[in-house]
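Engineer: File follows, entry_34.txt with compact mmCIF, C-alpha atoms and all ligand atoms:
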```
# COMPACT_ATOMS: atom_id res chain seq x y z
CA MET A 206 43.13 57.06 38.95
CA LYS A 207 44.04 57.91 42.50
CA GLU A 208 40.96 58.37 44.68
CA ALA A 209 40.80 61.67 46.56
CA LYS A 210 41.03 61.55 50.31
CA ILE A 211 38.09 62.88 52.30
CA LEU A 212 38.62 64.42 55.71
CA ILE A 213 35.50 64.96 57.81
CA LYS A 214 36.38 67.53 60.48
CA ARG A 215 35.09 68.06 63.99
CA GLY A 216 31.81 66.15 63.95
CA ARG A 217 30.34 64.21 66.86
CA VAL A 218 31.63 60.81 65.80
CA ILE A 219 29.51 57.91 67.06
CA ASP A 220 30.59 54.35 66.32
CA PRO A 221 28.83 51.83 68.58
CA LEU A 222 31.20 48.97 67.67
CA THR A 223 34.34 50.75 68.84
CA GLY A 224 32.50 52.70 71.55
CA ILE A 225 33.61 56.07 70.17
CA ASP A 226 31.33 59.02 70.98
CA GLN A 227 33.34 62.23 70.83
CA ILE A 228 34.21 65.23 68.68
CA ALA A 229 36.73 63.88 66.20
CA ASP A 230 37.93 63.79 62.59
CA VAL A 231 37.44 60.92 60.16
CA LEU A 232 39.88 60.36 57.31
CA ILE A 233 38.80 58.33 54.29
CA SER A 234 41.34 57.12 51.78
CA ASP A 235 41.13 54.48 49.03
CA ASN A 236 37.43 53.95 49.89
CA LYS A 237 38.35 52.85 53.40
CA ILE A 238 38.26 54.41 56.84
CA GLN A 239 41.90 55.31 57.32
CA SER A 240 41.68 56.84 60.77
CA VAL A 241 39.42 58.39 63.40
CA ASP A 242 41.25 60.81 65.67
CA THR A 243 40.76 64.02 67.62
CA ASN A 244 42.81 66.15 65.25
CA ILE A 245 43.90 65.00 61.82
CA ASP A 246 45.71 67.81 60.01
CA LEU A 247 46.29 67.35 56.28
CA ILE A 248 46.24 70.97 55.24
CA ALA A 249 49.33 70.57 53.07
CA ASP A 250 47.91 67.61 51.14
CA PRO A 251 46.39 68.81 47.82
CA ASP A 252 44.46 65.55 47.36
CA VAL A 253 42.31 66.06 50.43
CA MET A 254 38.70 67.15 50.24
CA GLU A 255 37.82 68.62 53.61
CA ILE A 256 34.25 68.58 54.93
CA SER A 257 33.33 70.54 58.05
CA ALA A 258 31.02 68.52 60.28
CA GLU A 259 30.75 70.99 63.12
CA GLY A 260 27.39 70.54 64.84
CA LEU A 261 26.77 67.32 62.89
CA VAL A 262 26.73 63.66 63.85
CA VAL A 263 29.14 61.42 61.92
CA CYS A 264 28.36 57.71 62.02
CA PRO A 265 28.48 54.52 59.95
CA GLY A 266 25.95 54.27 57.12
CA PHE A 267 22.71 52.56 58.13
CA VAL A 268 22.07 48.93 57.21
CA ASP A 269 18.41 48.16 56.52
CA LEU A 270 17.37 44.54 57.01
CA HIS A 271 13.93 45.06 55.55
CA ALA A 272 12.92 47.02 52.46
CA HIS A 273 10.70 46.43 49.46
CA LEU A 274 12.43 47.70 46.34
CA ARG A 275 9.62 46.16 44.22
CA GLU A 276 11.80 45.13 41.28
CA PRO A 277 11.13 43.01 39.28
CA GLY A 278 7.42 43.15 38.63
CA PHE A 279 6.22 46.26 40.44
CA GLU A 280 8.37 48.95 38.86
CA TYR A 281 5.37 51.29 38.93
CA LYS A 282 5.67 51.29 42.75
CA GLU A 283 9.47 51.51 43.05
CA THR A 284 12.64 50.38 41.30
CA ILE A 285 16.06 49.46 42.62
CA ALA A 286 17.23 52.82 41.22
CA THR A 287 14.55 55.00 42.88
CA GLY A 288 14.39 52.97 46.10
CA THR A 289 18.13 53.16 46.74
CA LYS A 290 18.18 56.86 45.86
CA ALA A 291 15.62 57.33 48.63
CA ALA A 292 17.69 55.05 50.87
CA VAL A 293 20.89 57.11 50.68
CA LYS A 294 18.84 60.27 51.21
CA GLY A 295 17.74 58.66 54.47
CA GLY A 296 21.27 57.52 55.43
CA PHE A 297 20.91 53.85 54.44
CA THR A 298 24.05 52.69 52.65
CA SER A 299 23.13 48.97 52.62
CA VAL A 300 19.65 47.68 51.92
CA CYS A 301 18.35 44.11 52.06
CA ALA A 302 15.67 43.65 49.42
CA MET A 303 12.63 41.55 50.28
CA PRO A 304 11.72 38.86 47.74
CA ASN A 305 7.97 39.50 47.33
CA THR A 306 8.49 40.65 43.77
CA ASP A 307 6.97 39.21 40.59
CA PRO A 308 8.40 36.70 40.00
CA ALA A 309 9.48 36.12 43.59
CA ILE A 310 13.20 35.91 44.36
CA ASP A 311 13.15 32.14 44.78
CA THR A 312 15.89 30.87 42.44
CA PRO A 313 19.65 31.54 42.13
CA SER A 314 19.06 33.35 38.82
CA MET A 315 16.62 35.74 40.51
CA ILE A 316 19.22 36.39 43.21
CA GLU A 317 21.70 37.14 40.40
CA PHE A 318 19.17 39.52 38.82
CA VAL A 319 18.83 41.61 42.01
CA LYS A 320 22.61 41.66 42.47
CA MET A 321 23.16 42.70 38.85
CA LYS A 322 20.53 45.47 39.06
CA GLY A 323 22.07 46.54 42.36
CA LYS A 324 25.44 46.94 40.67
CA SER A 325 24.15 48.79 37.61
CA ASP A 326 21.30 50.94 39.01
CA ALA A 327 21.67 51.37 42.75
CA SER A 328 22.95 54.30 44.80
CA CYS A 329 23.87 51.99 47.68
CA ARG A 330 24.69 48.36 48.38
CA VAL A 331 21.79 45.99 47.69
CA TYR A 332 21.59 42.51 49.22
CA PRO A 333 18.92 40.08 48.08
CA ILE A 334 16.84 38.16 50.60
CA GLY A 335 15.66 34.87 49.13
CA ALA A 336 12.14 33.50 49.50
CA VAL A 337 11.73 30.64 51.99
CA THR A 338 9.23 28.80 49.80
CA LYS A 339 8.78 28.45 46.06
CA SER A 340 6.80 31.41 44.68
CA ARG A 341 6.27 32.35 48.37
CA LYS A 342 3.31 30.00 48.40
CA GLY A 343 4.30 28.37 51.68
CA LYS A 344 4.14 24.82 50.30
CA SER A 345 7.71 23.69 49.55
CA ILE A 346 11.05 25.17 50.48
CA VAL A 347 13.57 26.62 48.02
CA ASP A 348 17.08 25.23 47.52
CA PHE A 349 18.76 27.08 50.39
CA LEU A 350 22.33 26.10 49.54
CA GLU A 351 22.04 27.18 45.89
CA MET A 352 20.36 30.47 46.81
CA TYR A 353 22.91 31.16 49.53
CA SER A 354 25.78 30.39 47.15
CA ALA A 355 24.27 32.84 44.64
CA GLY A 356 24.25 35.60 47.28
CA ALA A 357 21.07 35.42 49.39
CA VAL A 358 21.91 36.98 52.77
CA ALA A 359 18.74 35.77 54.52
CA PHE A 360 15.43 34.09 53.73
CA SER A 361 11.89 35.41 54.16
CA ASP A 362 8.41 35.06 52.66
CA ASP A 363 7.65 38.60 53.89
CA GLY A 364 4.32 39.98 52.86
CA ASP A 365 3.18 36.61 54.14
CA PRO A 366 4.26 34.52 57.11
CA VAL A 367 5.90 31.13 56.79
CA TYR A 368 2.61 29.77 57.95
CA ASP A 369 3.05 26.00 58.03
CA SER A 370 5.02 25.08 61.16
CA GLU A 371 6.60 22.02 59.55
CA ILE A 372 7.79 24.14 56.60
CA MET A 373 9.25 26.65 59.08
CA ARG A 374 10.99 23.84 60.97
CA LEU A 375 12.41 22.39 57.74
CA ALA A 376 13.56 25.83 56.58
CA LEU A 377 15.39 26.34 59.87
CA GLU A 378 17.05 22.92 59.55
CA TYR A 379 18.39 23.85 56.10
CA ALA A 380 19.33 27.46 56.92
CA GLY A 381 21.08 26.47 60.16
CA PRO A 382 24.35 25.13 58.69
CA LEU A 383 24.56 28.22 56.43
CA ASN A 384 24.27 30.44 59.51
CA VAL A 385 21.75 32.74 57.81
CA PRO A 386 18.56 33.97 59.47
CA ILE A 387 15.00 33.11 58.52
CA MET A 388 13.12 36.41 58.84
CA ASN A 389 9.48 35.82 59.60
CA HIS A 390 6.52 38.13 59.13
CA CYS A 391 4.63 36.90 62.19
CA GLN A 392 0.91 36.83 61.46
CA ASP A 393 -1.49 34.05 62.38
CA LEU A 394 -3.70 34.12 59.30
CA THR A 395 -6.65 32.48 61.02
CA ILE A 396 -7.09 35.21 63.64
CA SER A 397 -9.09 38.15 62.30
CA PRO A 398 -8.21 37.43 58.65
CA ASN A 399 -9.89 40.58 57.32
CA GLY A 400 -8.46 43.01 59.86
CA VAL A 401 -7.20 46.32 58.48
CA MET A 402 -5.97 48.22 61.55
CA ALA A 403 -5.11 47.55 65.20
CA GLU A 404 -8.02 46.35 67.31
CA GLY A 405 -8.95 49.00 69.84
CA GLU A 406 -10.93 52.16 70.48
CA VAL A 407 -10.01 53.73 67.15
CA SER A 408 -11.01 50.68 65.08
CA GLU A 409 -14.29 50.57 66.99
CA LEU A 410 -14.93 54.27 66.46
CA LEU A 411 -14.28 53.98 62.74
CA GLY A 412 -16.08 50.67 62.30
CA LEU A 413 -12.98 49.03 60.84
CA LYS A 414 -12.08 45.39 61.41
CA GLY A 415 -9.38 45.12 64.06
CA ILE A 416 -6.14 43.13 64.17
CA PRO A 417 -5.51 42.05 67.78
CA ASN A 418 -1.98 41.78 69.19
CA SER A 419 -2.41 38.01 69.50
CA VAL A 420 -2.20 37.71 65.68
CA GLU A 421 1.51 38.44 66.03
CA GLU A 422 2.22 36.95 69.45
CA VAL A 423 0.93 33.46 68.58
CA MET A 424 3.46 33.13 65.78
CA VAL A 425 6.32 34.76 67.72
CA ALA A 426 5.76 32.11 70.41
CA ARG A 427 5.78 29.33 67.79
CA ASP A 428 8.96 30.65 66.20
CA ILE A 429 10.69 30.82 69.58
CA ALA A 430 9.84 27.15 70.12
CA LEU A 431 11.16 26.21 66.66
CA CYS A 432 14.25 28.35 67.16
CA LYS A 433 14.97 26.52 70.40
CA ALA A 434 14.35 23.12 68.82
CA THR A 435 16.61 23.68 65.80
CA GLY A 436 19.22 26.08 67.19
CA SER A 437 19.04 27.99 63.89
CA LYS A 438 18.72 31.76 63.52
CA VAL A 439 15.18 33.18 63.65
CA HIS A 440 14.71 36.90 63.10
CA VAL A 441 11.30 38.38 63.92
CA SER A 442 10.42 41.06 61.39
CA HIS A 443 8.61 44.29 62.34
CA VAL A 444 7.70 43.59 65.99
CA SER A 445 4.64 45.67 66.89
CA SER A 446 3.16 44.42 70.17
CA ALA A 447 4.21 44.67 73.81
CA GLY A 448 3.45 40.97 74.24
CA SER A 449 5.94 40.04 71.49
CA VAL A 450 8.63 42.13 73.19
CA GLU A 451 8.03 40.20 76.41
CA LEU A 452 8.17 36.82 74.61
CA ILE A 453 11.46 37.76 72.92
CA ARG A 454 12.89 39.02 76.21
CA LEU A 455 12.09 35.71 77.89
CA ALA A 456 13.52 33.69 74.99
CA LYS A 457 16.75 35.68 75.01
CA SER A 458 17.09 35.28 78.77
CA GLN A 459 17.08 31.52 78.14
CA GLY A 460 19.85 31.81 75.56
CA ILE A 461 17.64 31.15 72.53
CA ASN A 462 19.17 32.37 69.26
CA ILE A 463 16.42 34.83 68.31
CA THR A 464 16.78 38.40 67.01
CA SER A 465 14.23 41.01 66.01
CA GLU A 466 13.60 44.39 64.46
CA VAL A 467 11.12 47.24 64.88
CA CYS A 468 10.14 49.94 62.38
CA PRO A 469 10.41 53.72 62.95
CA HIS A 470 6.63 54.14 62.59
CA HIS A 471 5.85 51.55 65.27
CA LEU A 472 8.21 53.41 67.61
CA THR A 473 6.72 56.84 67.01
CA LEU A 474 3.04 56.58 66.00
CA THR A 475 -0.13 55.03 67.40
CA ASP A 476 -3.34 53.86 65.74
CA GLU A 477 -4.67 57.39 66.19
CA ALA A 478 -2.78 58.25 63.00
CA VAL A 479 -5.63 56.54 61.12
CA LEU A 480 -7.97 59.24 62.43
CA THR A 481 -6.10 62.09 60.81
CA ASP A 482 -5.85 62.55 57.10
CA GLY A 483 -2.87 64.63 56.17
CA GLY A 484 -2.41 62.53 53.05
CA TYR A 485 -0.92 63.44 49.72
CA PHE A 486 -4.24 63.12 47.93
CA ALA A 487 -6.41 64.39 50.74
CA ALA A 488 -9.43 66.14 49.30
CA SER A 489 -10.39 67.48 52.70
CA PRO A 490 -7.64 67.30 55.30
CA GLY A 491 -8.96 66.39 58.70
CA ASN A 492 -10.96 63.38 57.54
CA ALA A 493 -10.33 60.03 59.15
CA TYR A 494 -9.61 56.71 57.38
CA ASP A 495 -6.15 57.81 56.29
CA THR A 496 -4.88 55.02 54.03
CA ASN A 497 -1.38 56.48 54.46
CA ALA A 498 -1.52 55.08 57.99
CA LYS A 499 -2.33 51.55 56.78
CA MET A 500 0.56 49.11 57.00
CA TYR A 501 1.24 45.59 58.24
CA PRO A 502 1.64 45.14 61.15
CA PRO A 503 -0.69 48.01 62.05
CA LEU A 504 0.10 50.99 64.27
CA ARG A 505 -0.93 50.00 67.78
CA GLY A 506 -1.58 51.59 71.18
CA GLU A 507 0.59 53.76 73.39
CA SER A 508 1.56 50.92 75.75
CA ASP A 509 2.86 48.94 72.75
CA VAL A 510 4.88 51.92 71.54
CA ASP A 511 6.39 52.36 75.02
CA ALA A 512 7.30 48.65 75.22
CA LEU A 513 8.92 48.76 71.77
CA ILE A 514 11.05 51.80 72.61
CA HIS A 515 12.09 50.19 75.89
CA GLY A 516 12.84 47.00 73.95
CA VAL A 517 15.31 48.82 71.69
CA GLN A 518 16.92 50.76 74.53
CA THR A 519 17.48 47.57 76.56
CA GLY A 520 18.64 45.48 73.59
CA VAL A 521 15.69 43.05 73.65
CA ILE A 522 14.90 44.30 70.15
CA ASP A 523 18.17 44.29 68.23
CA CYS A 524 17.51 46.39 65.16
CA ILE A 525 15.54 49.20 63.64
CA ALA A 526 14.50 48.35 60.06
CA THR A 527 12.34 50.45 57.77
CA ASP A 528 9.94 48.00 56.08
CA HIS A 529 9.95 50.67 53.35
CA ALA A 530 6.94 49.49 51.34
CA PRO A 531 6.13 52.03 48.62
CA HIS A 532 2.89 51.91 46.63
CA ASP A 533 1.43 53.54 43.54
CA VAL A 534 -1.43 56.04 43.70
CA VAL A 535 -4.23 53.60 42.87
CA SER A 536 -3.26 51.16 45.62
CA LYS A 537 -3.72 53.86 48.26
CA HIS A 538 -6.25 56.30 46.83
CA THR A 539 -9.20 54.12 47.72
CA THR A 540 -11.21 53.07 50.78
CA PHE A 541 -9.35 52.05 53.92
CA ASP A 542 -10.57 48.46 53.56
CA CYS A 543 -9.35 48.19 49.97
CA ALA A 544 -6.05 50.09 50.27
CA SER A 545 -2.76 48.18 50.18
CA PHE A 546 -0.71 47.73 53.35
CA GLY A 547 2.58 49.64 53.37
CA ILE A 548 4.20 53.08 53.55
CA SER A 549 7.29 54.88 52.33
CA VAL A 550 9.87 55.12 55.15
CA PHE A 551 13.46 55.72 53.97
CA GLU A 552 13.22 59.50 53.80
CA THR A 553 11.50 60.08 57.15
CA ALA A 554 13.19 57.42 59.33
CA VAL A 555 15.91 59.59 60.89
CA GLY A 556 13.64 62.59 61.43
CA SER A 557 11.05 60.55 63.29
CA LEU A 558 13.57 58.49 65.31
CA LEU A 559 15.36 61.62 66.49
CA SER A 560 12.13 62.70 68.23
CA LEU A 561 12.71 59.77 70.62
CA VAL A 562 16.27 60.95 71.26
CA ARG A 563 15.02 64.44 72.07
CA ASP A 564 12.37 62.96 74.40
CA GLN A 565 15.21 61.00 76.04
CA THR A 566 13.38 57.71 75.63
CA LEU A 567 16.11 56.41 73.29
CA SER A 568 19.77 57.37 73.37
CA LEU A 569 21.44 58.48 70.14
CA PRO A 570 24.23 55.84 70.35
CA LYS A 571 21.58 53.13 70.90
CA MET A 572 19.55 54.37 67.95
CA ILE A 573 22.67 54.29 65.75
CA GLU A 574 23.65 50.84 67.04
CA ALA A 575 20.21 49.48 66.11
CA LEU A 576 20.69 50.85 62.58
CA THR A 577 24.30 49.80 62.01
CA ILE A 578 26.23 47.13 63.87
CA ALA A 579 23.14 45.32 65.18
CA PRO A 580 21.74 44.47 61.72
CA CYS A 581 25.26 43.47 60.61
CA ARG A 582 25.39 41.00 63.50
CA VAL A 583 22.05 39.53 62.44
CA LEU A 584 23.42 38.98 58.92
CA GLY A 585 26.57 37.31 60.23
CA ASP A 586 30.31 37.20 59.68
CA ALA A 587 30.23 38.41 56.06
CA PHE A 588 29.10 41.81 57.35
CA GLU A 589 31.94 42.35 59.80
CA GLU A 590 33.37 45.13 57.63
CA TYR A 591 30.14 47.14 57.64
CA GLY A 592 28.22 49.21 60.17
CA THR A 593 31.36 50.59 61.80
CA LEU A 594 34.02 53.30 61.43
CA LYS A 595 36.79 50.92 62.50
CA GLU A 596 40.05 51.61 60.69
CA GLY A 597 40.46 49.61 57.50
CA THR A 598 36.73 48.97 56.98
CA VAL A 599 34.71 50.18 53.99
CA ALA A 600 33.89 53.89 53.99
CA ASP A 601 30.10 53.85 54.29
CA VAL A 602 29.65 57.00 56.34
CA ILE A 603 26.81 59.45 56.91
CA LEU A 604 26.45 62.93 58.37
CA ILE A 605 23.29 63.87 60.25
CA ASP A 606 22.23 67.41 61.12
CA PRO A 607 20.12 66.86 64.26
CA GLU A 608 18.90 70.46 64.36
CA ILE A 609 17.36 71.01 60.90
CA ASP A 610 13.62 71.70 61.09
CA TRP A 611 11.72 70.48 58.06
CA VAL A 612 8.22 69.63 56.94
CA VAL A 613 7.49 66.27 55.31
CA ASP A 614 6.38 66.95 51.74
CA THR A 615 5.99 63.80 49.67
CA LYS A 616 6.28 65.84 46.47
CA GLU A 617 9.97 66.10 47.41
CA PHE A 618 10.37 62.34 47.95
CA VAL A 619 12.70 60.62 45.53
CA SER A 620 10.93 57.35 46.30
CA LYS A 621 8.04 56.63 43.96
CA GLY A 622 5.97 55.83 47.06
CA LYS A 623 4.27 59.00 48.29
CA ASN A 624 2.45 57.32 51.16
CA THR A 625 3.31 58.34 54.68
CA PRO A 626 1.21 59.25 57.71
CA LEU A 627 3.82 61.96 58.35
CA GLU A 628 2.80 64.08 55.35
CA GLY A 629 2.74 67.74 56.36
CA GLN A 630 4.31 67.07 59.75
CA ARG A 631 7.28 68.94 61.14
CA LEU A 632 10.35 66.81 61.89
CA LYS A 633 13.70 67.81 63.32
CA GLY A 634 16.93 66.34 62.01
CA ARG A 635 17.91 64.77 58.71
CA VAL A 636 20.78 63.18 56.86
CA VAL A 637 22.88 65.74 54.96
CA LEU A 638 25.60 63.57 53.43
CA SER A 639 25.92 59.87 52.56
CA LEU A 640 29.09 58.18 51.42
CA VAL A 641 28.96 54.68 49.99
CA ASP A 642 32.32 53.00 49.50
CA GLY A 643 33.98 56.41 49.92
CA GLN A 644 31.86 58.00 47.17
CA ILE A 645 29.38 60.83 47.82
CA MET A 646 25.97 59.39 46.89
CA PHE A 647 23.83 62.05 48.57
CA ASP A 648 24.84 65.61 49.42
CA GLU A 649 22.62 68.23 50.97
CA LEU A 650 25.33 69.93 53.02
CA GLU A 651 24.98 73.29 51.29
CA LYS A 652 21.21 73.56 51.75
ZN ZN B 1 5.91 41.88 56.72
ZN ZN B 2 7.87 44.02 54.71
```
Have the structure of the file written as structure tokens, please.

Structural biologist:
Amino acid sequence: MKEAKILIKRGRVIDPLTGIDQIADVLISDNKIQSVDTNIDLIADPDVMEISAEGLVVCPGFVDLHAHLREPGFEYKETIATGTKAAVKGGFTSVCAMPNTDPAIDTPSMIEFVKMKGKSDASCRVYPIGAVTKSRKGKSIVDFLEMYSAGAVAFSDDGDPVYDSEIMRLALEYAGPLNVPIMNHCQDLTISPNGVMAEGEVSELLGLKGIPNSVEEVMVARDIALCKATGSKVHVSHVSSAGSVELIRLAKSQGINITSEVCPHHLTLTDEAVLTDGGYFAASPGNAYDTNAKMYPPLRGESDVDALIHGVQTGVIDCIATDHAPHDVVSKHTTFDCASFGISVFETAVGSLLSLVRDQTLSLPKMIEALTIAPCRVLGDAFEEYGTLKEGTVADVILIDPEIDWVVDTKEFVSKGKNTPLEGQRLKGRVVLSLVDGQIMFDELEK
């Protein structure tokens, strides 16, 4: 069957790879970007489906380097089906799935499982990240070549750090020739092992055990040294402290092959979010100890937030990744100390990031770059066709309405994870259409 053509008319087209930022039309044909031009007129063509994008932003679909789709093993928290449905609602057309499942994604057959589920159940592209160590126990490394050949796009023990420095060095030696990144969750486990939120005034006020910035910075410094020694690709997951930004800036200035990501919540919220309970299950809104504000790394202070935003704007931090980490009710509806780390992010990412654009602390093209071409560069040559609207590339395209006012209501989330510190908050801007491979996978244009 001949695929219909889609013509997206008169949107603000932003494609950081080609440098386009202008009002233009985008023509999609045979699941590919056929052309981007100021006026494409196909009125006489009966096969064309025309979409008016006046007042909307048209850009490549977002590529998320860091999400927890929870399958297999934790289907009560999320599945590949529900997670990717939430992803396309948030504009993410490619999602890298973290391997801290049960069993962990640490063999070629587990990689095959995620790929197979991605093909049969997912609303967007799903790429498996393989574990660095067997069962993610940090003791012995997986077979990198076999896992890579099966389809692993990167390696990570996320949820835990690759703690042993010799294991990290070995992993980098093996991953180096494959040109794939090792993504590390930087956490020195010996510093403040029972910490539950950022160390500071708020943790003191609430009597909660703090997690100082040094927990992250110690391991970022180690990874920079190992990155320099091996020449392999290190990617720092979810950077949260100003000190880490400075370490990465210095490393990059010396030509060290390190990349990093930051999450929307670390760019927009501080540890004060723990004080306010606007949660889904809040018996009495206004109480502190909001478990919906508990994630790893924790929300930190204002100076950290400022350094992170500046890091993205100046390119020190390459990417914005969600660390979408959905949980079931029981894991969160408990005391702050006992609650699981992690929040649901896909469906609020754009709305919260656009607040930075309106404040003029982050430019819209930079925000889009950090969500599209930058993560593709981290993943390497195989992703050249993604994260852009260049002619001839795959048609993963999204439309954003930057002016829609809406209130975060987790009852409307398609993710199974209803945990977000943004519950009840007013956001401005959301994704209204997502195309994956030229197919409409999310459509809210008429609303
Ligand atoms: Zn992590
Ligand atoms: Zn994570």

Engineer: Nearest to Leu411 (chain A) among A:Asp495, A:Glu466, A:Glu649, A:Glu283, with distances taken over only C-alpha atoms: which residue is it?

Structural biologist: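 Distance minimum relative to Leu411 (chain A) lands on A:Asp495.
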
Engineer: Enter the distance from CA of Ala544 (chain A) to CA of Gln392 (chain A), in Å, rounded to one decimal.

Structural biologist: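 One can read the CA of Ala544 (chain A) to CA of Gln392 (chain A) distance as 18.7 Å.
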
Engineer: Using all atoms listed in the file, can you tell me which of A:Gly520, A:Pro469, A:Gly216, A:Gly597 comes closest to Leu627 (chain A)?

Structural biologist: A:Pro469

Engineer: Using all atoms listed in the file, which of A:Arg505, A:Ala434, A:Phe297, A:Leu377 sits nearest Pro417 (chain A)?

Structural biologist: A:Arg505

Engineer: Give the residues close to ligand ZN 2 (chain B), within 6 Å, counting only C-alpha atoms and all ligand atoms; write them as a list in words.

Structural biologist: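 Based on only C-alpha atoms and all ligand atoms, ligand ZN 2 (chain B) is surrounded within 6 Å by Asp363, Gly364 and Asp528 of chain A.
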
Engineer: Because some atoms of region 602-613 of chain A are absent here, can you restore N, CA, C and O atoms and send them as a PDB file, in the coordinates of the input?

Structural biologist:
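Result went into selection_12.pdb, see below:
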```
ATOM      1  N   VAL A 602      29.716  56.030  55.243  1.00  0.00           N
ATOM      2  CA  VAL A 602      29.650  57.000  56.340  1.00  0.00           C
ATOM      3  C   VAL A 602      28.535  57.999  56.058  1.00  0.00           C
ATOM      4  O   VAL A 602      28.316  58.379  54.907  1.00  0.00           O
ATOM      5  N   ILE A 603      27.832  58.412  57.111  1.00  0.00           N
ATOM      6  CA  ILE A 603      26.810  59.450  56.910  1.00  0.00           C
ATOM      7  C   ILE A 603      26.975  60.584  57.906  1.00  0.00           C
ATOM      8  O   ILE A 603      27.555  60.409  58.979  1.00  0.00           O
ATOM      9  N   LEU A 604      26.476  61.749  57.501  1.00  0.00           N
ATOM     10  CA  LEU A 604      26.450  62.930  58.370  1.00  0.00           C
ATOM     11  C   LEU A 604      24.995  63.302  58.616  1.00  0.00           C
ATOM     12  O   LEU A 604      24.204  63.391  57.666  1.00  0.00           O
ATOM     13  N   ILE A 605      24.660  63.502  59.883  1.00  0.00           N
ATOM     14  CA  ILE A 605      23.290  63.870  60.250  1.00  0.00           C
ATOM     15  C   ILE A 605      23.309  65.258  60.878  1.00  0.00           C
ATOM     16  O   ILE A 605      24.131  65.516  61.762  1.00  0.00           O
ATOM     17  N   ASP A 606      22.415  66.136  60.420  1.00  0.00           N
ATOM     18  CA  ASP A 606      22.230  67.410  61.120  1.00  0.00           C
ATOM     19  C   ASP A 606      21.022  67.235  62.034  1.00  0.00           C
ATOM     20  O   ASP A 606      19.882  67.175  61.558  1.00  0.00           O
ATOM     21  N   PRO A 607      21.245  67.137  63.350  1.00  0.00           N
ATOM     22  CA  PRO A 607      20.120  66.860  64.260  1.00  0.00           C
ATOM     23  C   PRO A 607      19.233  68.064  64.513  1.00  0.00           C
ATOM     24  O   PRO A 607      18.179  67.929  65.123  1.00  0.00           O
ATOM     25  N   GLU A 608      19.641  69.232  64.016  1.00  0.00           N
ATOM     26  CA  GLU A 608      18.900  70.460  64.360  1.00  0.00           C
ATOM     27  C   GLU A 608      18.038  71.007  63.221  1.00  0.00           C
ATOM     28  O   GLU A 608      17.272  71.941  63.434  1.00  0.00           O
ATOM     29  N   ILE A 609      18.153  70.457  62.010  1.00  0.00           N
ATOM     30  CA  ILE A 609      17.360  71.010  60.900  1.00  0.00           C
ATOM     31  C   ILE A 609      15.869  70.749  61.126  1.00  0.00           C
ATOM     32  O   ILE A 609      15.450  69.620  61.353  1.00  0.00           O
ATOM     33  N   ASP A 610      15.082  71.818  61.043  1.00  0.00           N
ATOM     34  CA  ASP A 610      13.620  71.700  61.090  1.00  0.00           C
ATOM     35  C   ASP A 610      13.129  71.560  59.660  1.00  0.00           C
ATOM     36  O   ASP A 610      13.543  72.311  58.783  1.00  0.00           O
ATOM     37  N   TRP A 611      12.257  70.608  59.418  1.00  0.00           N
ATOM     38  CA  TRP A 611      11.720  70.480  58.060  1.00  0.00           C
ATOM     39  C   TRP A 611      10.321  69.897  58.099  1.00  0.00           C
ATOM     40  O   TRP A 611       9.913  69.302  59.099  1.00  0.00           O
ATOM     41  N   VAL A 612       9.595  70.116  57.016  1.00  0.00           N
ATOM     42  CA  VAL A 612       8.220  69.630  56.940  1.00  0.00           C
ATOM     43  C   VAL A 612       8.167  68.519  55.889  1.00  0.00           C
ATOM     44  O   VAL A 612       8.695  68.673  54.784  1.00  0.00           O
ATOM     45  N   VAL A 613       7.566  67.394  56.250  1.00  0.00           N
ATOM     46  CA  VAL A 613       7.490  66.270  55.310  1.00  0.00           C
ATOM     47  C   VAL A 613       6.566  66.642  54.151  1.00  0.00           C
ATOM     48  O   VAL A 613       5.393  66.972  54.352  1.00  0.00           O
TER      49      VAL A 613
END
```
